[in-house]
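Asks: Pasting input_10.cif below, which is mmCIF, C-alpha atoms.
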data_input
#
loop_
_atom_site.group_PDB
_atom_site.id
_atom_site.type_symbol
_atom_site.label_atom_id
_atom_site.label_comp_id
_atom_site.auth_asym_id
_atom_site.auth_seq_id
_atom_site.Cartn_x
_atom_site.Cartn_y
_atom_site.Cartn_z
ATOM 1 C CA MET A 1 67.893 76.762 75.769
ATOM 2 C CA ASP A 2 70.462 78.160 73.356
ATOM 3 C CA ARG A 3 67.929 80.673 72.030
ATOM 4 C CA TYR A 4 67.057 81.729 75.573
ATOM 5 C CA GLU A 5 70.714 82.409 76.395
ATOM 6 C CA LYS A 6 71.147 84.498 73.232
ATOM 7 C CA ASN A 7 68.128 86.629 74.163
ATOM 8 C CA VAL A 8 69.432 87.117 77.716
ATOM 9 C CA ASP A 9 72.855 88.106 76.356
ATOM 10 C CA LYS A 10 71.196 90.521 73.931
ATOM 11 C CA ALA A 11 69.131 92.081 76.744
ATOM 12 C CA LEU A 12 72.156 92.382 79.011
ATOM 13 C CA GLY A 13 74.113 94.039 76.190
ATOM 14 C CA ALA A 14 71.317 96.583 75.708
ATOM 15 C CA VAL A 15 71.190 97.289 79.443
ATOM 16 C CA HIS A 16 74.963 97.794 79.450
ATOM 17 C CA LYS A 17 74.741 100.269 76.531
ATOM 18 C CA VAL A 18 71.937 102.190 78.247
ATOM 19 C CA SER A 19 73.907 102.325 81.498
ATOM 20 C CA LYS A 20 76.948 103.714 79.642
ATOM 21 C CA VAL A 21 74.788 106.444 78.071
ATOM 22 C CA ALA A 22 73.173 107.250 81.423
ATOM 23 C CA ASN A 23 76.618 107.406 82.991
ATOM 24 C CA ARG A 24 77.796 109.906 80.349
ATOM 25 C CA VAL A 25 74.688 112.030 80.855
ATOM 26 C CA ARG A 26 75.283 112.038 84.619
ATOM 27 C CA LEU A 27 78.959 112.979 84.158
ATOM 28 C CA GLY A 28 77.966 115.712 81.714
ATOM 29 C CA CYS A 29 75.518 117.135 84.260
ATOM 30 C CA TRP A 30 78.232 117.095 86.939
ATOM 31 C CA ILE A 31 80.634 118.894 84.602
ATOM 32 C CA ILE A 32 78.055 121.596 83.820
ATOM 33 C CA PHE A 33 77.018 122.005 87.466
ATOM 34 C CA ALA A 34 80.604 122.185 88.730
ATOM 35 C CA ASN A 35 81.603 124.750 86.109
ATOM 36 C CA LEU A 36 78.568 126.937 86.790
ATOM 37 C CA PHE A 37 79.267 126.770 90.528
ATOM 38 C CA LEU A 38 82.919 127.742 90.094
ATOM 39 C CA ALA A 39 82.054 130.405 87.510
ATOM 40 C CA GLY A 40 79.623 131.963 90.005
ATOM 41 C CA PHE A 41 82.336 132.287 92.638
ATOM 42 C CA CYS A 42 84.782 133.565 90.038
ATOM 43 C CA ALA A 43 82.216 136.179 88.917
ATOM 44 C CA TRP A 44 81.804 137.224 92.556
ATOM 45 C CA GLY A 45 85.576 137.755 92.767
ATOM 46 C CA VAL A 46 85.589 139.713 89.493
ATOM 47 C CA TYR A 47 82.748 141.908 90.767
ATOM 48 C CA ALA A 48 84.608 142.555 94.048
ATOM 49 C CA GLY A 49 87.735 143.413 92.051
ATOM 50 C CA TYR A 50 85.748 145.762 89.818
ATOM 51 C CA ILE A 51 84.282 147.573 92.833
ATOM 52 C CA ALA A 52 87.757 147.889 94.380
ATOM 53 C CA TRP A 53 89.208 149.219 91.127
ATOM 54 C CA MET A 54 86.293 151.612 90.608
ATOM 55 C CA LEU A 55 86.649 152.991 94.140
ATOM 56 C CA GLU A 56 90.405 153.334 93.724
ATOM 57 C CA THR A 57 90.128 155.249 90.441
ATOM 58 C CA GLU A 58 86.917 157.243 90.941
ATOM 59 C CA GLY A 59 86.255 157.051 94.675
ATOM 60 C CA VAL A 60 86.281 159.901 97.140
ATOM 61 C CA SER A 61 88.145 159.603 100.410
ATOM 62 C CA ALA A 62 86.564 160.331 103.790
ATOM 63 C CA ILE A 63 87.251 159.606 107.432
ATOM 64 C CA GLY A 64 84.958 157.040 108.997
ATOM 65 C CA ARG A 65 84.499 155.731 112.488
ATOM 66 C CA VAL A 66 83.888 152.147 113.611
ATOM 67 C CA VAL A 67 80.484 152.330 115.334
ATOM 68 C CA ARG A 68 80.148 148.652 116.263
ATOM 69 C CA LEU A 69 81.513 145.196 115.623
ATOM 70 C CA ASP A 70 79.059 142.654 114.198
ATOM 71 C CA GLU A 71 79.568 139.163 115.564
ATOM 72 C CA ASN A 72 79.555 136.367 112.989
ATOM 73 C CA SER A 73 79.342 132.691 113.907
ATOM 74 C CA ASP A 74 79.685 129.610 111.743
ATOM 75 C CA GLY A 75 76.185 128.312 112.498
ATOM 76 C CA GLU A 76 77.469 125.330 114.453
ATOM 77 C CA GLY A 77 77.752 127.204 117.716
ATOM 78 C CA ALA A 78 81.415 128.078 117.299
ATOM 79 C CA CYS A 79 82.034 131.725 117.968
ATOM 80 C CA CYS A 80 83.080 134.262 116.554
ATOM 81 C CA THR A 81 84.623 136.585 114.056
ATOM 82 C CA TYR A 82 83.961 140.293 114.049
ATOM 83 C CA SER A 83 83.305 142.609 111.133
ATOM 84 C CA PRO A 84 83.385 146.365 111.642
ATOM 85 C CA VAL A 85 80.428 148.605 110.858
ATOM 86 C CA ILE A 86 81.715 151.963 109.645
ATOM 87 C CA GLU A 87 79.914 155.301 109.651
ATOM 88 C CA PHE A 88 81.166 158.222 107.543
ATOM 89 C CA THR A 89 79.962 161.573 106.269
ATOM 90 C CA ALA A 90 80.007 161.971 102.485
ATOM 91 C CA SER A 91 80.583 165.191 100.561
ATOM 92 C CA ASP A 92 76.788 165.700 100.405
ATOM 93 C CA SER A 93 76.846 166.081 104.240
ATOM 94 C CA GLN A 94 74.802 162.924 104.742
ATOM 95 C CA THR A 95 75.945 160.184 107.074
ATOM 96 C CA TYR A 96 76.241 156.682 105.639
ATOM 97 C CA THR A 97 76.896 153.345 107.290
ATOM 98 C CA PHE A 98 78.333 150.191 105.736
ATOM 99 C CA ASP A 99 79.469 146.772 106.897
ATOM 100 C CA SER A 100 82.967 145.676 106.034
ATOM 101 C CA GLN A 101 83.038 142.475 103.988
ATOM 102 C CA ASN A 102 85.992 141.210 106.010
ATOM 103 C CA SER A 103 85.770 139.736 109.460
ATOM 104 C CA SER A 104 88.469 138.504 111.789
ATOM 105 C CA TYR A 105 89.268 137.150 115.209
ATOM 106 C CA PRO A 106 90.579 138.951 117.094
ATOM 107 C CA PRO A 107 88.815 142.037 115.733
ATOM 108 C CA ALA A 108 90.991 144.077 113.364
ATOM 109 C CA TYR A 109 89.350 147.311 114.502
ATOM 110 C CA GLU A 110 88.042 148.745 117.759
ATOM 111 C CA VAL A 111 84.773 150.602 118.298
ATOM 112 C CA GLY A 112 85.471 154.324 117.986
ATOM 113 C CA GLU A 113 88.573 153.827 115.829
ATOM 114 C CA GLU A 114 88.918 156.184 112.871
ATOM 115 C CA VAL A 115 89.517 154.612 109.460
ATOM 116 C CA SER A 116 90.027 155.968 105.977
ATOM 117 C CA VAL A 117 87.084 155.207 103.684
ATOM 118 C CA LEU A 118 86.734 155.236 99.896
ATOM 119 C CA TYR A 119 83.208 155.701 98.549
ATOM 120 C CA ASP A 120 81.494 156.185 95.223
ATOM 121 C CA PRO A 121 80.351 159.830 94.977
ATOM 122 C CA GLN A 122 77.410 158.751 92.772
ATOM 123 C CA ASN A 123 76.339 156.094 95.277
ATOM 124 C CA PRO A 124 77.882 156.591 98.738
ATOM 125 C CA GLN A 125 76.383 153.271 99.877
ATOM 126 C CA THR A 126 79.190 151.665 97.848
ATOM 127 C CA ALA A 127 82.088 152.132 100.218
ATOM 128 C CA GLN A 128 85.082 150.231 101.538
ATOM 129 C CA ILE A 129 87.768 150.772 104.116
ATOM 130 C CA ASN A 130 90.723 152.313 102.309
ATOM 131 C CA LYS A 131 93.147 149.521 103.053
ATOM 132 C CA TRP A 132 94.751 147.232 100.481
ATOM 133 C CA THR A 133 93.709 144.001 102.208
ATOM 134 C CA GLU A 134 90.120 145.202 102.633
ATOM 135 C CA ARG A 135 89.770 145.924 98.919
ATOM 136 C CA TRP A 136 91.989 143.473 97.053
ATOM 137 C CA LEU A 137 92.633 140.393 99.190
ATOM 138 C CA MET A 138 89.347 138.602 98.486
ATOM 139 C CA PRO A 139 89.398 138.949 94.671
ATOM 140 C CA LEU A 140 93.105 138.124 94.496
ATOM 141 C CA ILE A 141 92.564 134.897 96.405
ATOM 142 C CA LEU A 142 89.135 133.906 95.073
ATOM 143 C CA ILE A 143 89.698 134.286 91.318
ATOM 144 C CA PRO A 144 92.932 132.227 91.018
ATOM 145 C CA ALA A 145 91.585 129.636 93.476
ATOM 146 C CA MET A 146 88.425 129.141 91.394
ATOM 147 C CA ILE A 147 90.387 128.978 88.130
ATOM 148 C CA PHE A 148 92.838 126.431 89.577
ATOM 149 C CA THR A 149 90.005 124.374 91.094
ATOM 150 C CA GLY A 150 88.096 124.517 87.799
ATOM 151 C CA LEU A 151 91.095 123.324 85.796
ATOM 152 C CA LEU A 152 91.805 120.507 88.211
ATOM 153 C CA LEU A 153 88.182 119.426 88.503
ATOM 154 C CA ASN A 154 87.614 119.579 84.736
ATOM 155 C CA PHE A 155 90.725 117.516 84.110
ATOM 156 C CA PHE A 156 89.428 114.676 86.279
ATOM 157 C CA LEU A 157 85.783 114.955 85.193
ATOM 158 C CA PHE A 158 86.627 115.029 81.470
ATOM 159 C CA ARG A 159 89.069 112.161 81.930
ATOM 160 C CA SER A 160 86.299 110.205 83.604
ATOM 161 C CA PHE A 161 83.881 111.224 80.824
ATOM 162 C CA ILE A 162 86.250 110.016 78.109
ATOM 163 C CA ARG A 163 86.887 106.734 79.924
ATOM 164 C CA ASN A 164 83.161 106.530 80.690
ATOM 165 C CA ASP A 165 83.749 105.458 84.238
ATOM 166 C CA MET A 166 82.095 106.802 87.328
ATOM 167 C CA VAL A 167 82.177 105.540 90.840
ATOM 168 C CA GLU A 168 78.702 104.582 91.999
#
Show me, as structure tokens, the structure contained in the file I just sent.

Replies:
Amino acid sequence: MDRYEKNVDKALGAVHKVSKVANRVRLGCWIIFANLFLAGFCAWGVYAGYIAWMLETEGVSAIGRVVRLDENSDGEGACCTYSPVIEFTASDSQTYTFDSQNSSYPPAYEVGEEVSVLYDPQNPQTAQINKWTERWLMPLILIPAMIFTGLLLNFFLFRSFIRNDMVE
């Protein structure tokens, strides 16, 4: 009987070691996934900031007109925010249309309203409403929020990794 108990204790010890390794692998995967997810959103904010900066330094100004308001819902039946669709004529005398990346309720613009537009003369499809909040608000909120969230999340995930504990 004594030999049987030693073998059971040995087997349970091995199972415990394997579970600790599996737990570390799982935590490591969570750390990688979370950082890639946050880095993706941070990269999106950096790209939006780059476009805003590029349009501010190299963009050409034009007058655009709000041609319609696109209705956006949250998918759960709740309604609605509105994003303006702007039409403008570039220096090449062609008319271009773009959707604003910002939406609001109540609508920030009215159909027929004239707005100042900045566009890339090399690619007039790249355009934004020439308003500080339209160009800079999203990157200035998104980038620090993702960095702060990443620091906070990594602190707790690495602490858990070092302690080798994870809630099942």

Asks: When you draw a straight line from CA of Glu134 in chain A to CA of Ala34 in chain A, how long is it in Å?

Replies: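 Between CA of Glu134 in chain A and CA of Ala34 in chain A the gap is 28.5 Å.
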
Asks: Considering only C-alpha atoms, can you say which of A:Pro139, A:Phe98, A:Ala145, A:Ala108 comes closest to Pro124 in chain A?

Replies: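 Looking at the shortest contact to Pro124 in chain A, the residue is A:Phe98.
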
Asks: When you count all atoms listed in the file, which of these residues is closest to Ser73 in chain A: A:Tyr105, A:Phe37, A:Phe148, A:Phe155?

Replies: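 Of all the options, A:Tyr105 lies closest to Ser73 in chain A.
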
Asks: Taking only C-alpha atoms into account, name the residue in A:Val66, A:Val117, A:Ile32, A:Ile51 that is nearest to Trp136 in chain A.

Replies: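 So, comparing all the options, the nearest one is A:Ile51.
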
Asks: For CA of Asp2 in chain A and CA of Ser19 in chain A, determine how far apart the two atoms are, in Å to one decimal place.

Replies: 25.7 Å

Asks: For Asp99 in chain A, work out the shell of residues within 12 Å, counting all atoms listed in the file and skipping chain neighbours fewer than 2 positions away, then give it as a ChimeraX atom specification.

Replies: /A:64-71,82-88,96-97,101-103,117,125-129,134

Asks: For the residues selected in the previous step, produce a file with C-alpha atoms as an mmCIF file, keeping the file's coordinate frame.

Replies:
data_model
loop_
_atom_site.group_PDB
_atom_site.id
_atom_site.type_symbol
_atom_site.label_atom_id
_atom_site.label_comp_id
_atom_site.auth_asym_id
_atom_site.auth_seq_id
_atom_site.Cartn_x
_atom_site.Cartn_y
_atom_site.Cartn_z
ATOM 1 C CA GLY A 64 84.958 157.040 108.997
ATOM 2 C CA ARG A 65 84.499 155.731 112.488
ATOM 3 C CA VAL A 66 83.888 152.147 113.611
ATOM 4 C CA VAL A 67 80.484 152.330 115.334
ATOM 5 C CA ARG A 68 80.148 148.652 116.263
ATOM 6 C CA LEU A 69 81.513 145.196 115.623
ATOM 7 C CA ASP A 70 79.059 142.654 114.198
ATOM 8 C CA GLU A 71 79.568 139.163 115.564
ATOM 9 C CA TYR A 82 83.961 140.293 114.049
ATOM 10 C CA SER A 83 83.305 142.609 111.133
ATOM 11 C CA PRO A 84 83.385 146.365 111.642
ATOM 12 C CA VAL A 85 80.428 148.605 110.858
ATOM 13 C CA ILE A 86 81.715 151.963 109.645
ATOM 14 C CA GLU A 87 79.914 155.301 109.651
ATOM 15 C CA PHE A 88 81.166 158.222 107.543
ATOM 16 C CA TYR A 96 76.241 156.682 105.639
ATOM 17 C CA THR A 97 76.896 153.345 107.290
ATOM 18 C CA GLN A 101 83.038 142.475 103.988
ATOM 19 C CA ASN A 102 85.992 141.210 106.010
ATOM 20 C CA SER A 103 85.770 139.736 109.460
ATOM 21 C CA VAL A 117 87.084 155.207 103.684
ATOM 22 C CA GLN A 125 76.383 153.271 99.877
ATOM 23 C CA THR A 126 79.190 151.665 97.848
ATOM 24 C CA ALA A 127 82.088 152.132 100.218
ATOM 25 C CA GLN A 128 85.082 150.231 101.538
ATOM 26 C CA ILE A 129 87.768 150.772 104.116
ATOM 27 C CA GLU A 134 90.120 145.202 102.633
#

Asks: Would you tabulate, counting all atoms listed in the file, all residues of range 41-70 of chain A that have an atom at most 9 Å from an atom of range 89-95 of chain A, showing the closest pair of atoms and their distance in Å to one decimal, sorted by chain then ascending number, as a Markdown table?

Replies:
| residue | atom | partner | partner_atom | distance |
| --- | --- | --- | --- | --- |
| A:Val60 | CA | A:Ser91 | CA | 8.5 |
| A:Ser61 | CA | A:Ala90 | CA | 8.7 |
| A:Ala62 | CA | A:Ala90 | CA | 6.9 |
| A:Ile63 | CA | A:Thr89 | CA | 7.6 |
| A:Gly64 | CA | A:Thr89 | CA | 7.3 |

Asks: What is the CA of Ala52 in chain A-CA of Arg135 in chain A distance in Å, reported with one decimal?

Replies: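 Interatomic distance here is 5.3 Å.
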
Asks: Measuring between only C-alpha atoms, which one of A:Leu157, A:Met138, A:Ile162, A:Leu118 shows the shortest distance to Phe33 in chain A?

Replies: A:Leu157

Asks: Put the listed atoms of range 143-155 of chain A in a box along x, y and z with 6 Å added on every side and give me the centre and edge lengths in Å to one decimal, as AutoDock Vina command-line options.

Replies:
--center_x 90.3 --center_y 125.9 --center_z 88.8 --size_x 17.3 --size_y 28.8 --size_z 21.4

Asks: Which residue gives the smallest distance to Gly49 in chain A among A:Asn72, A:Thr133, A:Thr149, A:Asn154, with only C-alpha atoms counted?

Replies: A:Thr133

Asks: For Ser104 in chain A, which residue out of A:Gln122, A:Thr57, A:Asn130, A:Thr81 is the nearest one, using only C-alpha atoms?

Replies: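 Of A:Gln122, A:Thr57, A:Asn130, A:Thr81, the one nearest Ser104 in chain A is A:Thr81, counting only C-alpha atoms.
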